[in-house]
Amino acid sequence: MDQEERIALFLDYENLALGARDNLGGMAFDFRPIADALAERGRVVVRRAYADWSFFDEDRRMLTRSHVELIEMPQRLGASRKNAADIKMAVDAMELAFERGYISTFAICTGDSDFTPLVHKLRELNKRVIGVGVEKSTSALLPPACDEFLYYDRLEGVEGQAVPARRAHPARPTPQQHVEPERTEPEAAPAEEPARDVNALAVLVAQTVAGIQGNASGTVTASTLKRTLLRKDPTFTESDYGFRTFGELLRHLAGRNVVELADGPAKGDPEVSLPEHGDREEAFALLRTVVGESPGATPLSGLKNQLRRVRPDFSEKKLGYRSFLQFCQAAATSGVVALQWSPEADDYLLTTR
């Protein structure tokens, strides 16, 4: 219980509801997918939503059933309702950060970049910040500022097809207005999101494992790797690549010899490392063959293209190396080739040993 994350949830409701309606084919906003996603990450102890609720009358019941406290931000003549809600939400979040030390995580549900300074300040106070927003209405500035960012449209439980949205506020025609009957047009089928490249994922994971191993002592566990991937890209989720869990993703990469898995310090949290043998040795052998076939010394420039003519899928990054030069230096250290800088050629030259 003591190690459980305590989460405070703040919803910029107008931003989310209108974002879902305008960008998800008229879809009505549903709070349950957000609640379920946060329940997997910890215990939600505060739930607050900010809006002028006279515009979202039907939504009140849905939120009340989920035990969300509704903060009323009425629209006043000559005042900006949006700015008032933003300021109130930011002030309340900072108040909780100082007065409720047991709250370790803040979930800021909005796509508005105006909340970026709030995210920065919460992280300065050693609070973890999870952002939630509709993808097409989320500012590009907000996700990189968070520790983790969840796109509402990708959450489990969000319907892929449009459903009638609850009306924000009913429009009443004046006596002078002639109301035309609404025309219903067939809705275009939602375009499928292109699948993420698993090869690019393999490169990302291998580079990340190599980076952690090079900058920290001790073993790299699956939980450490997942946190690091989220720090690199707060929108990262294994489900985008077709995997149900992060463990399933790691087992797939282990089957491709991208990583090796071993028993870790805790059950369900395996140790992750780069293979000592296998693909790296094959790549070293390929390098030795290509260099050996060249008359005289082989310059580094253009050598990678020569390797790819023999093996089109070659990538030093899949092996955990940040550059082709680093890969060649590793091969030289292993005694596979000799690598030396040539001032005359203004390039590194490789020869077989």
# chains A, B, ... in the order shown; residues from 1 in each chain; ligands from 1

call {"tool": "residues_around", "arguments": {"residues": "Glu271 in chain A", "least_positions_apart": "2", "cutoff": "6 Å", "atoms": "only C-alpha atoms", "output": "list in words"}}
result
Val220, Thr221, Leu261, Ala262, Asp263 and Gly264 of chain A

call {"tool": "residues_around", "arguments": {"residues": "Ala93 in chain A", "least_positions_apart": "3", "cutoff": "9 Å", "atoms": "only C-alpha atoms", "output": "list in words"}}
result
Ala8, Phe10, Lys88, Met89, Ala90, Leu96, Ala97, Phe98, Phe106, Leu118 and Leu122 of chain A

call {"tool": "closest_residue", "arguments": {"among": "A:Ala283, A:Ser315, A:Val44, A:Ala200", "to": "Ile103 in chain A", "atoms": "only C-alpha atoms"}}
result
A:Val44

call {"tool": "closest_residue", "arguments": {"among": "A:Asp269, A:Glu293, A:Glu69, A:Glu276", "to": "Thr219 in chain A", "atoms": "only C-alpha atoms"}}
result
A:Asp269

call {"tool": "residues_around", "arguments": {"residues": "range 109-111 of chain A", "least_positions_apart": "6", "cutoff": "8 Å", "atoms": "only C-alpha atoms", "output": "VMD selection string"}}
result
chain A and resid 9 to 13 15 to 16 131 to 135 137 to 139 142

call {"tool": "write_last_selection", "arguments": {"atoms": "C-alpha atoms", "output": "tab-separated table (two decimals), in the first residue's frame"}}
result
chain	number	residue	atom	x	y	z
A	9	LEU	CA	-6.98	13.83	-11.44
A	10	PHE	CA	-7.82	17.21	-12.99
A	11	LEU	CA	-10.04	17.42	-16.08
A	12	ASP	CA	-10.24	20.47	-18.34
A	13	TYR	CA	-13.63	19.14	-19.34
A	15	ASN	CA	-11.21	20.89	-23.87
A	16	LEU	CA	-11.72	17.11	-23.72
A	131	GLY	CA	-1.18	13.96	-19.41
A	132	VAL	CA	-4.35	12.91	-21.21
A	133	GLY	CA	-5.70	14.53	-24.36
A	134	VAL	CA	-7.45	13.96	-27.67
A	135	GLU	CA	-4.66	13.44	-30.18
A	137	SER	CA	-6.60	18.66	-30.43
A	138	THR	CA	-3.50	18.29	-28.25
A	139	SER	CA	-0.74	20.87	-28.58
A	142	LEU	CA	2.32	19.39	-23.95
